[in-house]
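The structure file entry04.txt is reproduced below (compact mmCIF, C-alpha atoms and all ligand atoms).
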# COMPACT_ATOMS: atom_id res chain seq x y z
CA MET A 22 92.93 80.96 116.50
CA LYS A 23 96.27 80.44 114.76
CA ILE A 24 98.90 82.99 115.76
CA GLY A 25 102.27 83.72 114.15
CA ILE A 26 105.10 85.58 115.91
CA LEU A 27 108.21 87.12 114.38
CA THR A 28 111.01 89.37 115.63
CA SER A 29 112.56 91.79 113.16
CA GLY A 30 115.35 94.41 113.05
CA GLY A 31 118.20 94.76 115.55
CA ASP A 32 117.90 92.53 118.61
CA CYS A 33 117.48 93.94 122.10
CA ALA A 34 116.62 92.80 125.59
CA GLY A 35 112.95 91.99 126.13
CA LEU A 36 112.10 90.31 122.82
CA ASN A 37 111.86 86.88 124.46
CA ALA A 38 110.01 88.31 127.43
CA VAL A 39 107.36 89.86 125.15
CA MET A 40 106.99 86.58 123.24
CA ARG A 41 106.60 84.72 126.51
CA ALA A 42 103.80 87.03 127.63
CA ILE A 43 101.99 86.73 124.28
CA GLY A 44 102.32 82.93 124.40
CA LEU A 45 101.23 82.56 128.00
CA TYR A 46 98.31 84.97 127.53
CA ALA A 47 97.16 83.16 124.40
CA TYR A 48 97.38 79.66 125.88
CA GLU A 49 95.62 80.83 129.06
CA ASN A 50 92.87 82.89 127.45
CA ILE A 51 92.22 81.99 123.82
CA LYS A 52 90.31 78.82 123.03
CA ASN A 53 91.83 76.38 120.51
CA CYS A 54 94.93 78.46 120.26
CA GLU A 55 97.82 77.41 118.08
CA ILE A 56 101.07 79.40 117.88
CA VAL A 57 103.88 79.25 115.35
CA GLY A 58 107.23 81.01 115.47
CA ILE A 59 108.51 82.49 112.21
CA PRO A 60 112.33 82.53 112.06
CA GLU A 61 114.60 85.42 111.11
CA GLY A 62 112.07 88.23 110.95
CA TYR A 63 110.20 88.97 107.73
CA GLY A 64 112.71 86.71 105.95
CA GLY A 65 111.02 83.63 107.43
CA LEU A 66 107.61 84.88 106.31
CA ILE A 67 108.91 85.63 102.82
CA ARG A 68 110.24 82.06 102.59
CA GLY A 69 107.14 80.61 104.25
CA GLU A 70 108.96 79.06 107.23
CA SER A 71 107.41 78.46 110.63
CA ALA A 72 107.60 76.04 113.55
CA PRO A 73 104.99 75.25 116.20
CA MET A 74 105.50 76.75 119.67
CA SER A 75 103.81 74.95 122.53
CA ARG A 76 103.14 76.48 125.93
CA SER A 77 106.36 75.03 127.29
CA ASP A 78 108.38 76.77 124.56
CA PHE A 79 107.49 80.08 126.22
CA GLU A 80 108.61 79.06 129.70
CA GLY A 81 111.97 80.31 130.94
CA LEU A 82 112.20 83.16 128.42
CA LEU A 83 111.49 86.07 130.76
CA ASN A 84 115.10 86.88 131.61
CA VAL A 85 116.83 85.70 128.44
CA GLY A 86 118.33 88.33 126.10
CA GLY A 87 118.24 88.26 122.29
CA THR A 88 115.47 86.39 120.47
CA VAL A 89 114.96 82.65 120.26
CA LEU A 90 113.37 83.15 116.83
CA GLY A 91 116.38 84.94 115.37
CA THR A 92 116.08 88.31 113.67
CA ARG A 93 117.23 90.03 110.50
CA ARG A 94 117.05 93.47 108.96
CA THR A 95 114.77 93.34 105.89
CA PRO A 96 114.68 96.94 104.64
CA PHE A 97 111.25 98.42 104.05
CA LYS A 98 112.25 99.75 100.62
CA THR A 99 112.90 96.18 99.37
CA MET A 100 109.38 95.00 100.21
CA THR A 101 107.70 96.14 97.04
CA VAL A 102 110.48 95.32 94.55
CA PRO A 103 109.73 92.23 92.42
CA ASP A 104 112.18 89.30 92.75
CA GLU A 105 113.41 86.96 89.96
CA GLY A 106 110.08 85.10 90.18
CA GLY A 107 108.18 88.33 89.49
CA ALA A 108 106.55 88.60 92.93
CA THR A 109 107.37 91.22 95.56
CA ARG A 110 108.38 90.29 99.11
CA LEU A 111 105.12 91.80 100.28
CA GLU A 112 103.13 89.52 97.95
CA ARG A 113 105.10 86.50 99.15
CA MET A 114 104.45 87.40 102.76
CA ARG A 115 100.73 87.85 102.16
CA ALA A 116 100.56 84.52 100.32
CA ASN A 117 102.46 82.72 103.10
CA TYR A 118 100.31 84.32 105.80
CA LYS A 119 97.31 82.73 104.06
CA LYS A 120 99.10 79.43 103.37
CA MET A 121 100.09 79.12 107.04
CA GLY A 122 96.42 79.69 107.93
CA LEU A 123 97.25 82.55 110.29
CA ASP A 124 94.48 84.53 111.97
CA CYS A 125 96.93 86.97 113.50
CA LEU A 126 100.60 87.92 113.22
CA PHE A 127 102.60 89.60 116.01
CA THR A 128 105.53 91.63 114.71
CA LEU A 129 108.07 92.61 117.35
CA GLY A 130 110.27 95.33 115.98
CA GLY A 131 111.28 98.94 115.56
CA ALA A 132 110.18 101.75 113.27
CA GLY A 133 111.12 99.89 110.06
CA THR A 134 109.30 96.75 111.18
CA HIS A 135 106.20 98.82 111.87
CA ARG A 136 106.26 100.33 108.38
CA THR A 137 106.25 96.88 106.83
CA ALA A 138 103.60 95.73 109.31
CA ALA A 139 101.38 98.60 108.14
CA LEU A 140 101.84 97.42 104.53
CA LEU A 141 100.84 93.89 105.51
CA CYS A 142 97.71 95.28 107.20
CA ALA A 143 96.79 97.12 104.03
CA GLU A 144 97.10 93.76 102.24
CA GLY A 145 94.49 92.25 104.55
CA CYS A 146 96.70 90.53 107.15
CA ASN A 147 95.76 90.84 110.83
CA VAL A 148 98.88 92.34 112.38
CA ILE A 149 99.65 93.51 115.92
CA GLY A 150 102.96 95.34 116.44
CA LEU A 151 105.10 95.46 119.58
CA PRO A 152 107.48 98.43 120.05
CA LYS A 153 111.07 97.23 120.35
CA THR A 154 114.35 99.16 120.17
CA ILE A 155 117.19 100.43 122.32
CA ASP A 156 116.78 103.72 120.40
CA ASN A 157 113.37 104.48 122.01
CA ASP A 158 112.38 106.31 118.82
CA ILE A 159 109.01 104.74 118.02
CA TYR A 160 106.28 107.29 117.67
CA GLY A 161 103.24 106.96 119.92
CA THR A 162 104.85 105.15 122.84
CA ASP A 163 106.65 106.79 125.75
CA VAL A 164 109.07 103.88 126.05
CA THR A 165 110.09 100.94 123.88
CA PHE A 166 111.17 97.64 125.42
CA GLY A 167 114.93 97.17 125.37
CA PHE A 168 115.61 100.86 125.94
CA HIS A 169 116.00 100.84 129.72
CA THR A 170 118.22 97.77 129.72
CA ALA A 171 120.50 99.54 127.23
CA VAL A 172 120.44 102.68 129.42
CA ASP A 173 121.57 100.56 132.39
CA VAL A 174 124.34 98.92 130.37
CA ALA A 175 125.61 102.19 128.89
CA THR A 176 125.45 103.91 132.28
CA GLU A 177 127.52 101.20 133.92
CA ALA A 178 130.00 101.32 131.06
CA ILE A 179 130.39 105.10 131.40
CA ASP A 180 130.85 104.73 135.17
CA ARG A 181 133.72 102.34 134.47
CA VAL A 182 135.25 104.67 131.90
CA ARG A 183 135.09 107.47 134.45
CA THR A 184 137.35 105.71 136.94
CA THR A 185 140.01 105.35 134.25
CA ALA A 186 139.49 108.92 133.05
CA ALA A 187 139.80 110.25 136.61
CA SER A 188 142.89 108.16 137.37
CA HIS A 189 144.66 109.44 134.26
CA GLY A 190 143.21 112.94 134.26
CA ARG A 191 141.83 112.36 130.78
CA THR A 192 138.95 113.46 128.62
CA ILE A 193 137.19 110.35 127.34
CA LEU A 194 134.51 110.25 124.68
CA VAL A 195 132.08 107.35 124.94
CA GLU A 196 130.14 106.61 121.75
CA VAL A 197 126.62 105.40 122.41
CA MET A 198 124.28 103.83 119.82
CA GLY A 199 121.62 105.95 118.18
CA ASN A 200 121.80 107.24 114.64
CA LYS A 201 118.72 109.44 114.43
CA ALA A 202 117.59 109.51 118.04
CA GLY A 203 119.67 110.52 121.04
CA TRP A 204 117.48 109.09 123.82
CA LEU A 205 119.97 106.43 124.86
CA THR A 206 122.87 108.90 124.97
CA LEU A 207 120.79 111.48 126.82
CA TYR A 208 119.58 109.05 129.50
CA ALA A 209 122.88 107.22 129.99
CA GLY A 210 124.75 110.52 129.86
CA ILE A 211 122.60 112.07 132.58
CA ALA A 212 122.64 108.87 134.66
CA ALA A 213 126.45 108.67 134.52
CA GLY A 214 126.94 112.39 135.12
CA ALA A 215 128.62 113.05 131.77
CA GLU A 216 130.06 116.55 131.48
CA VAL A 217 129.11 116.78 127.80
CA ILE A 218 126.23 115.02 125.99
CA LEU A 219 126.02 115.16 122.19
CA LEU A 220 122.82 114.12 120.41
CA PRO A 221 121.83 113.82 116.73
CA GLU A 222 118.97 116.24 117.43
CA ILE A 223 121.26 119.06 118.64
CA PRO A 224 124.09 119.84 116.18
CA PHE A 225 127.18 120.60 118.26
CA ASN A 226 129.72 123.38 118.23
CA ILE A 227 133.25 122.16 118.92
CA ASP A 228 134.31 125.49 120.50
CA LYS A 229 131.58 125.15 123.13
CA ILE A 230 132.73 121.64 123.97
CA CYS A 231 136.36 122.70 124.27
CA GLU A 232 135.39 125.67 126.48
CA THR A 233 133.51 123.30 128.80
CA VAL A 234 136.39 120.84 128.98
CA VAL A 235 138.91 123.59 129.84
CA ARG A 236 136.56 125.25 132.34
CA ASN A 237 135.97 121.92 134.10
CA TYR A 238 139.70 121.25 134.51
CA GLU A 239 140.25 124.81 135.74
CA ALA A 240 137.49 124.27 138.29
CA GLY A 241 139.34 121.23 139.61
CA LYS A 242 137.48 118.36 137.92
CA PRO A 243 139.79 115.37 137.50
CA CYS A 244 138.35 114.34 134.12
CA ASN A 245 135.74 115.01 131.47
CA ILE A 246 133.33 112.42 130.10
CA ILE A 247 131.68 113.13 126.77
CA ALA A 248 128.72 110.90 125.89
CA VAL A 249 128.36 111.10 122.13
CA ALA A 250 125.59 109.53 120.07
CA GLU A 251 126.85 107.71 116.98
CA GLY A 252 124.65 110.00 114.89
CA ALA A 253 125.82 113.27 116.51
CA VAL A 254 126.51 116.02 113.98
CA LEU A 255 128.67 119.13 113.84
CA ASP A 256 126.77 122.39 113.47
CA SER A 257 128.44 122.81 110.06
CA GLU A 258 126.84 119.50 109.00
CA ALA A 259 123.32 120.31 110.23
CA GLY A 260 120.69 119.50 107.64
CA PHE A 261 122.98 117.21 105.64
CA LYS A 262 121.61 113.81 104.64
CA LYS A 263 123.51 110.80 106.04
CA LYS A 264 125.21 110.15 102.68
CA GLU A 265 126.28 113.79 102.24
CA ARG A 266 127.64 113.77 105.80
CA ALA A 267 129.61 110.59 105.16
CA PHE A 268 131.05 112.17 102.01
CA VAL A 269 132.16 115.34 103.80
CA ARG A 270 133.64 113.33 106.65
CA THR A 271 135.57 110.98 104.39
CA ASP A 272 136.91 114.05 102.64
CA ARG A 273 138.17 115.34 105.99
CA GLY A 274 139.82 111.95 106.60
CA GLU A 275 137.57 111.13 109.56
CA THR A 276 136.64 107.65 110.65
CA THR A 277 133.87 108.23 113.19
CA VAL A 278 132.49 111.34 114.86
CA THR A 279 134.06 110.12 118.11
CA ALA A 280 137.54 109.68 116.62
CA HIS A 281 137.32 113.11 115.00
CA LEU A 282 136.23 114.79 118.22
CA ALA A 283 138.90 113.02 120.27
CA GLU A 284 141.57 114.38 117.94
CA VAL A 285 140.25 117.95 117.81
CA ILE A 286 139.48 118.24 121.54
CA GLY A 287 142.91 116.80 122.43
CA GLU A 288 144.64 119.31 120.15
CA ARG A 289 142.66 122.35 121.23
CA THR A 290 142.45 121.76 125.00
CA GLY A 291 145.80 120.09 125.54
CA SER A 292 144.13 117.37 127.61
CA GLU A 293 144.93 113.75 126.99
CA THR A 294 141.85 112.62 125.07
CA ARG A 295 140.61 109.15 124.13
CA GLY A 296 137.51 107.70 122.49
CA THR A 297 135.75 104.42 123.11
CA VAL A 298 132.79 102.85 121.29
CA LEU A 299 130.30 100.82 123.35
CA GLY A 300 128.77 99.09 120.33
CA TYR A 301 126.74 95.91 120.57
CA ILE A 302 127.16 95.35 124.29
CA GLN A 303 124.30 97.86 124.55
CA ARG A 304 121.94 95.53 122.71
CA GLY A 305 123.01 92.25 124.24
CA GLY A 306 122.41 90.61 127.58
CA ASN A 307 119.44 89.92 129.78
CA PRO A 308 116.60 92.41 130.28
CA SER A 309 116.53 94.63 133.36
CA ALA A 310 113.67 94.32 135.83
CA TYR A 311 112.04 97.38 134.20
CA ASP A 312 112.14 95.74 130.77
CA ARG A 313 110.89 92.40 132.08
CA ILE A 314 107.87 94.16 133.53
CA LEU A 315 107.23 96.39 130.49
CA SER A 316 107.62 93.41 128.14
CA SER A 317 105.24 91.29 130.19
CA ARG A 318 102.65 94.07 130.21
CA LEU A 319 102.96 94.80 126.48
CA GLY A 320 102.85 91.10 125.51
CA SER A 321 99.89 90.34 127.73
CA PHE A 322 98.01 93.39 126.42
CA ALA A 323 98.80 92.46 122.81
CA GLY A 324 97.45 88.96 123.44
CA LYS A 325 94.23 90.56 124.66
CA LEU A 326 94.05 92.72 121.53
CA ALA A 327 94.21 89.52 119.45
CA LYS A 328 91.50 87.87 121.51
CA GLU A 329 89.26 90.91 121.00
CA GLY A 330 90.00 90.95 117.28
CA ARG A 331 91.68 94.38 117.27
CA PHE A 332 94.20 94.27 114.47
CA GLY A 333 96.23 96.82 112.52
CA VAL A 334 97.52 98.25 115.79
CA THR A 335 100.66 98.43 117.86
CA ALA A 336 100.87 98.21 121.64
CA ALA A 337 102.30 101.22 123.47
CA ILE A 338 102.83 102.66 126.93
CA VAL A 339 101.54 106.17 127.47
CA GLY A 340 101.95 107.57 130.96
CA ARG A 341 101.41 104.58 133.23
CA GLU A 342 98.96 102.77 131.00
CA ILE A 343 99.46 100.25 128.24
CA THR A 344 97.38 101.21 125.24
CA PHE A 345 97.51 100.92 121.46
CA ASN A 346 97.91 103.01 118.30
CA ALA A 347 96.66 102.41 114.78
CA LEU A 348 99.64 101.11 112.76
CA PRO A 349 99.05 103.36 109.73
CA GLU A 350 99.06 106.39 112.04
CA ILE A 351 102.47 105.71 113.56
CA ALA A 352 104.25 103.91 110.71
CA GLY A 353 107.05 106.00 109.22
CA LYS A 354 107.08 108.52 112.08
CA TYR A 355 109.88 108.87 114.61
CA LYS A 356 109.95 110.13 118.18
CA LEU A 357 113.09 112.22 118.58
CA VAL A 358 114.51 114.21 121.49
CA ASP A 359 113.03 117.71 121.52
CA PRO A 360 115.98 120.14 122.00
CA SER A 361 113.76 122.43 124.07
CA SER A 362 112.29 119.70 126.28
CA GLN A 363 112.40 119.81 130.05
CA ILE A 364 114.84 116.91 130.34
CA VAL A 365 117.36 118.61 128.05
CA ARG A 366 116.99 121.93 129.86
CA SER A 367 117.33 120.28 133.25
CA ALA A 368 120.68 118.79 132.21
CA GLU A 369 121.88 122.17 130.93
CA ASP A 370 120.68 123.85 134.12
CA ILE A 371 123.12 121.75 136.14
CA GLY A 372 126.03 122.57 133.87
CA VAL A 373 125.98 119.74 131.34
CA CYS A 374 127.14 120.94 127.92
CA LEU A 375 124.90 119.83 125.05
CA GLY A 376 127.29 121.30 122.52
CA ARG A 377 125.32 124.51 121.94
O1 LIG B 401 118.60 98.90 116.69
C1 LIG B 401 119.00 100.21 116.55
C2 LIG B 401 120.48 100.30 116.51
O2 LIG B 401 120.93 99.81 117.71
C3 LIG B 401 121.05 101.69 116.25
O3 LIG B 401 121.16 102.49 117.36
C4 LIG B 401 122.34 101.37 115.59
O4 LIG B 401 122.77 102.43 114.77
C5 LIG B 401 121.99 100.18 114.77
O5 LIG B 401 121.02 99.50 115.49
C6 LIG B 401 123.12 99.27 114.42
O6 LIG B 401 122.58 98.15 113.81
P1 LIG B 401 123.29 96.97 113.06
O7 LIG B 401 122.92 95.76 113.83
O8 LIG B 401 122.68 96.93 111.71
O9 LIG B 401 124.76 97.24 113.05
Please re-express this file's structure in structure tokens.
Ligand code: F6P
Amino acid sequence: MKIGILTSGGDCAGLNAVMRAIGLYAYENIKNCEIVGIPEGYGGLIRGESAPMSRSDFEGLLNVGGTVLGTRRTPFKTMTVPDEGGATRLERMRANYKKMGLDCLFTLGGAGTHRTAALLCAEGCNVIGLPKTIDNDIYGTDVTFGFHTAVDVATEAIDRVRTTAASHGRTILVEVMGNKAGWLTLYAGIAAGAEVILLPEIPFNIDKICETVVRNYEAGKPCNIIAVAEGAVLDSEAGFKKKERAFVRTDRGETTVTAHLAEVIGERTGSETRGTVLGYIQRGGNPSAYDRILSSRLGSFAGKLAKEGRFGVTAAIVGREITFNALPEIAGKYKLVDPSSQIVRSAEDIGVCLGR
């Protein structure tokens, strides 16, 4: 069996660990197995590039962050647009899949990667997806690999911000990644005891935030920490598309949601207010123990799926068990935070303001 592996979309911790588990499973359990790595995501497949990966290439990858194959964002909407040569990227990928003699292709990526993987399946390629992203927004899996490492990183960062905030008696906003989904902000916010948590799924009311900040100081709190998702939206912007929102915000002279909030909260509450953006440190670095274990389980399971000839699927964890979903059923769907879920309510029940 000839296997191809690629990593696509934003990097995160656990990509190498998943590859390692696929490679070790395949070399241990599949007869006459040959594995090639495809560089830079779907870009490598479009160009027809690959390099052999022997068993030893998979050793030592368990605790290494990033991806040894490299990754790129290759937007789904560009897949079916013809290039100068008249062929679409999808057609080039299908042709190269055949030319490379692949029997199976593992695609490690997020929601966008899965959409393209579903297209490749429809074109007759044997694809198995692996759910990667710090955003934890892939439909059909309780957790994606990379998420918990990012939660640990963001939590530690917020803890550090808190000591400065407390020393200075400040309100500090910490911007956490997540455009559509607020999982990372919600988890890191709860873990770091943030006083306010703002998610894309729950449009916020600035008055409510200011009331909370003032009330906390009056109650003797030394500082306020506001964990804000990069995709958090004002209640007046609810329902706007990303482009419309950007337009309205530029019109108001805003840079980011965090900068805007820092200014308004500072003005209205009279507290010294600052904003800080965590950015890419949330994606980088070595996987946590949780992610090493999840990645090993997902990769091993995906290797087994290949051995059994189950293609057109993506590995997932549901409850305590690793399982799989049909790619066409999950492609294009997102798993977002439910504003009425127990975890959200439990935060509100202990006084955390969700901006509503
Ligand atoms: O991978 C998901 C994500 O981390 C989002 O939370 C974030 O908005 C985005 O990637 C940033 O990606 P880029 O690498 O394109 O700046």
What are the closest atom pairs, with distances in Å to one decimal, for all residues of chain A lying within 9 Å of ligand LIG 401 (chain B)? Consider all atoms listed in the file, order rows by chain and residue number, and present the result as a tab-separated table.
residue	atom	partner	partner_atom	distance
A:Gly30	CA	B:LIG401	O1	6.6
A:Gly31	CA	B:LIG401	O1	4.3
A:Asp32	CA	B:LIG401	O1	6.7
A:Cys33	CA	B:LIG401	O1	7.4
A:Arg93	CA	B:LIG401	O7	8.7
A:Arg94	CA	B:LIG401	O8	7.2
A:Gly131	CA	B:LIG401	O1	7.4
A:Lys153	CA	B:LIG401	O1	8.5
A:Thr154	CA	B:LIG401	O1	5.5
A:Ile155	CA	B:LIG401	O2	6.0
A:Asp156	CA	B:LIG401	O3	5.5
A:Asn157	CA	B:LIG401	C1	8.9
A:Val197	CA	B:LIG401	O3	8.0
A:Met198	CA	B:LIG401	O3	4.2
A:Gly199	CA	B:LIG401	O3	3.6
A:Asn200	CA	B:LIG401	O4	4.9
A:Lys201	CA	B:LIG401	O3	7.9
A:Ala202	CA	B:LIG401	O3	7.9
A:Gly203	CA	B:LIG401	O3	9.0
A:Leu205	CA	B:LIG401	O3	8.6
A:Ala250	CA	B:LIG401	O3	8.7
A:Glu251	CA	B:LIG401	O4	7.0
A:Gly252	CA	B:LIG401	O4	7.8
A:Gly300	CA	B:LIG401	C6	8.2
A:Tyr301	CA	B:LIG401	O2	7.6
A:Gln303	CA	B:LIG401	O2	7.9
A:Arg304	CA	B:LIG401	O2	6.7
Q. Thr344 in chain A: which residues within 10 Å, counting all atoms listed in the file, same-chain residues fewer than 2 positions away excluded, as JSON, numbers by chain?
A. {"A": [161, 162, 319, 322, 323, 326, 334, 335, 336, 337, 338, 339, 340, 341, 342, 346]}
Restrict the selected residues to C-alpha atoms and save them as a tab-separated table (two decimals), in the coordinates of the input.
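Contents of out-v4.tsv, freshly written:
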chain	number	residue	atom	x	y	z
A	161	GLY	CA	103.24	106.96	119.92
A	162	THR	CA	104.85	105.15	122.84
A	319	LEU	CA	102.96	94.80	126.48
A	322	PHE	CA	98.01	93.39	126.42
A	323	ALA	CA	98.80	92.46	122.81
A	326	LEU	CA	94.05	92.72	121.53
A	334	VAL	CA	97.52	98.25	115.79
A	335	THR	CA	100.66	98.43	117.86
A	336	ALA	CA	100.87	98.21	121.64
A	337	ALA	CA	102.30	101.22	123.47
A	338	ILE	CA	102.83	102.66	126.93
A	339	VAL	CA	101.54	106.17	127.47
A	340	GLY	CA	101.95	107.57	130.96
A	341	ARG	CA	101.41	104.58	133.23
A	342	GLU	CA	98.96	102.77	131.00
A	346	ASN	CA	97.91	103.01	118.30
Padded axis-aligned box of range 297-310 of chain A (5 Å per side), centre and edge lengths, Å, one decimal, as lines of an AutoDock Vina configuration file:
center_x = 124.7
center_y = 97.2
center_z = 128.1
size_x = 32.1
size_y = 24.5
size_z = 25.5
**Q.** Protein/DNA/RNA residues near (129.0, 122.4, 136.2), cut 8 Å, all atoms listed in the file, as a PyMOL selection string
**A.** chain A and resi 216+237+371-373
Selection near Ile56 in chain A, 12 Å with all atoms listed in the file, sequence-local residues under 2 positions removed, as a PDB file with C-alpha atoms, in the frame of the given file:
ATOM      1  CA  MET A  22      92.930  80.960 116.500  1.00  0.00           C
ATOM      2  CA  LYS A  23      96.270  80.440 114.760  1.00  0.00           C
ATOM      3  CA  ILE A  24      98.900  82.990 115.760  1.00  0.00           C
ATOM      4  CA  GLY A  25     102.270  83.720 114.150  1.00  0.00           C
ATOM      5  CA  ILE A  26     105.100  85.580 115.910  1.00  0.00           C
ATOM      6  CA  LEU A  27     108.210  87.120 114.380  1.00  0.00           C
ATOM      7  CA  MET A  40     106.990  86.580 123.240  1.00  0.00           C
ATOM      8  CA  ARG A  41     106.600  84.720 126.510  1.00  0.00           C
ATOM      9  CA  ILE A  43     101.990  86.730 124.280  1.00  0.00           C
ATOM     10  CA  GLY A  44     102.320  82.930 124.400  1.00  0.00           C
ATOM     11  CA  LEU A  45     101.230  82.560 128.000  1.00  0.00           C
ATOM     12  CA  TYR A  46      98.310  84.970 127.530  1.00  0.00           C
ATOM     13  CA  ALA A  47      97.160  83.160 124.400  1.00  0.00           C
ATOM     14  CA  TYR A  48      97.380  79.660 125.880  1.00  0.00           C
ATOM     15  CA  ILE A  51      92.220  81.990 123.820  1.00  0.00           C
ATOM     16  CA  LYS A  52      90.310  78.820 123.030  1.00  0.00           C
ATOM     17  CA  ASN A  53      91.830  76.380 120.510  1.00  0.00           C
ATOM     18  CA  CYS A  54      94.930  78.460 120.260  1.00  0.00           C
ATOM     19  CA  GLY A  58     107.230  81.010 115.470  1.00  0.00           C
ATOM     20  CA  ILE A  59     108.510  82.490 112.210  1.00  0.00           C
ATOM     21  CA  SER A  71     107.410  78.460 110.630  1.00  0.00           C
ATOM     22  CA  ALA A  72     107.600  76.040 113.550  1.00  0.00           C
ATOM     23  CA  PRO A  73     104.990  75.250 116.200  1.00  0.00           C
ATOM     24  CA  MET A  74     105.500  76.750 119.670  1.00  0.00           C
ATOM     25  CA  SER A  75     103.810  74.950 122.530  1.00  0.00           C
ATOM     26  CA  ARG A  76     103.140  76.480 125.930  1.00  0.00           C
ATOM     27  CA  SER A  77     106.360  75.030 127.290  1.00  0.00           C
ATOM     28  CA  ASP A  78     108.380  76.770 124.560  1.00  0.00           C
ATOM     29  CA  PHE A  79     107.490  80.080 126.220  1.00  0.00           C
ATOM     30  CA  MET A 121     100.090  79.120 107.040  1.00  0.00           C
ATOM     31  CA  GLY A 122      96.420  79.690 107.930  1.00  0.00           C
ATOM     32  CA  LEU A 123      97.250  82.550 110.290  1.00  0.00           C
ATOM     33  CA  ASP A 124      94.480  84.530 111.970  1.00  0.00           C
ATOM     34  CA  CYS A 125      96.930  86.970 113.500  1.00  0.00           C
ATOM     35  CA  LEU A 126     100.600  87.920 113.220  1.00  0.00           C
ATOM     36  CA  PHE A 127     102.600  89.600 116.010  1.00  0.00           C
ATOM     37  CA  GLY A 324      97.450  88.960 123.440  1.00  0.00           C
TER      38      GLY A 324
END
Q.
List the spatial neighbours of Gly353 in chain A as a PyMOL selection string - criterion: any atom at most 8 Å away, only C-alpha atoms, same-chain residues fewer than 5 positions off excluded.
A. chain A and resi 132-133+135-136
Output for the residues just chosen: C-alpha atoms as a short mmCIF file (atom, residue, chain, number, x, y, z; two decimals), in the frame of the given file:
data_model
loop_
_atom_site.label_atom_id
_atom_site.label_comp_id
_atom_site.auth_asym_id
_atom_site.auth_seq_id
_atom_site.Cartn_x
_atom_site.Cartn_y
_atom_site.Cartn_z
CA ALA A 132 110.18 101.75 113.27
CA GLY A 133 111.12 99.89 110.06
CA HIS A 135 106.20 98.82 111.87
CA ARG A 136 106.26 100.33 108.38
#
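The two atoms in question, CA of Ala139 in chain A and CA of Tyr311 in chain A, are spaced 28.2 Å apart.
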Q: Kindly give the distance, in Å, that separates CA of Asn307 in chain A and CA of Val174 in chain A, rounded to a single decimal.
A: 10.3 Å
Q | Pick from A:Ala138, A:Leu36, A:Leu207, A:Val249 nearest to Thr92 in chain A, counting all atoms listed in the file | A | A:Leu36
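Residues in contact range of range 285-294 of chain A, defined as at most 6 Å between only C-alpha atoms, with sequence neighbours fewer than 5 positions away removed, read A:Arg191, A:Thr192, A:Ile193.
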Expected residue set, 10 Å radius at (124.8, 118.0, 121.9), only C-alpha atoms, as a short mmCIF file (atom, residue, chain, number, x, y, z; two decimals) with C-alpha atoms, in the frame of the given file:
data_model
loop_
_atom_site.label_atom_id
_atom_site.label_comp_id
_atom_site.auth_asym_id
_atom_site.auth_seq_id
_atom_site.Cartn_x
_atom_site.Cartn_y
_atom_site.Cartn_z
CA GLY A 203 119.67 110.52 121.04
CA THR A 206 122.87 108.90 124.97
CA LEU A 207 120.79 111.48 126.82
CA VAL A 217 129.11 116.78 127.80
CA ILE A 218 126.23 115.02 125.99
CA LEU A 219 126.02 115.16 122.19
CA LEU A 220 122.82 114.12 120.41
CA PRO A 221 121.83 113.82 116.73
CA GLU A 222 118.97 116.24 117.43
CA ILE A 223 121.26 119.06 118.64
CA PRO A 224 124.09 119.84 116.18
CA PHE A 225 127.18 120.60 118.26
CA ASN A 226 129.72 123.38 118.23
CA ILE A 227 133.25 122.16 118.92
CA LYS A 229 131.58 125.15 123.13
CA ILE A 230 132.73 121.64 123.97
CA ILE A 247 131.68 113.13 126.77
CA ALA A 248 128.72 110.90 125.89
CA VAL A 249 128.36 111.10 122.13
CA ALA A 250 125.59 109.53 120.07
CA ALA A 253 125.82 113.27 116.51
CA VAL A 254 126.51 116.02 113.98
CA LEU A 255 128.67 119.13 113.84
CA ASP A 256 126.77 122.39 113.47
CA PRO A 360 115.98 120.14 122.00
CA VAL A 365 117.36 118.61 128.05
CA VAL A 373 125.98 119.74 131.34
CA CYS A 374 127.14 120.94 127.92
CA LEU A 375 124.90 119.83 125.05
CA GLY A 376 127.29 121.30 122.52
CA ARG A 377 125.32 124.51 121.94
#
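Using all atoms listed in the file, the smallest distance between any of A:Thr99, A:Asn84, A:Thr297, A:Thr165 and Ile179 in chain A comes from A:Thr297.
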(Q) Rounded to one decimal, what separation in Å do you get between CA of Asn117 in chain A and CA of Gly69 in chain A? (A) 5.3 Å
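Minimum distance to Leu299 in chain A across A:Val234, A:Ala186, A:Ala283, A:Val172 (counting all atoms listed in the file) occurs at A:Val172.
Among the candidates A:Asp370, A:Asp163, A:Glu112, A:Asp104, the one nearest to Ile343 in chain A when counting all atoms listed in the file is A:Asp163.
For the residues A:Ile211, A:Arg183, A:Thr271, A:Gly150, ranking by smallest atom-to-atom distance to Arg331 in chain A using all atoms listed in the file places A:Gly150 first.
Comparing A:Leu83, A:Val89, A:Ile149, A:Ile67 by their smallest distance to Lys328 in chain A, the closest is A:Ile149 (using all atoms listed in the file).
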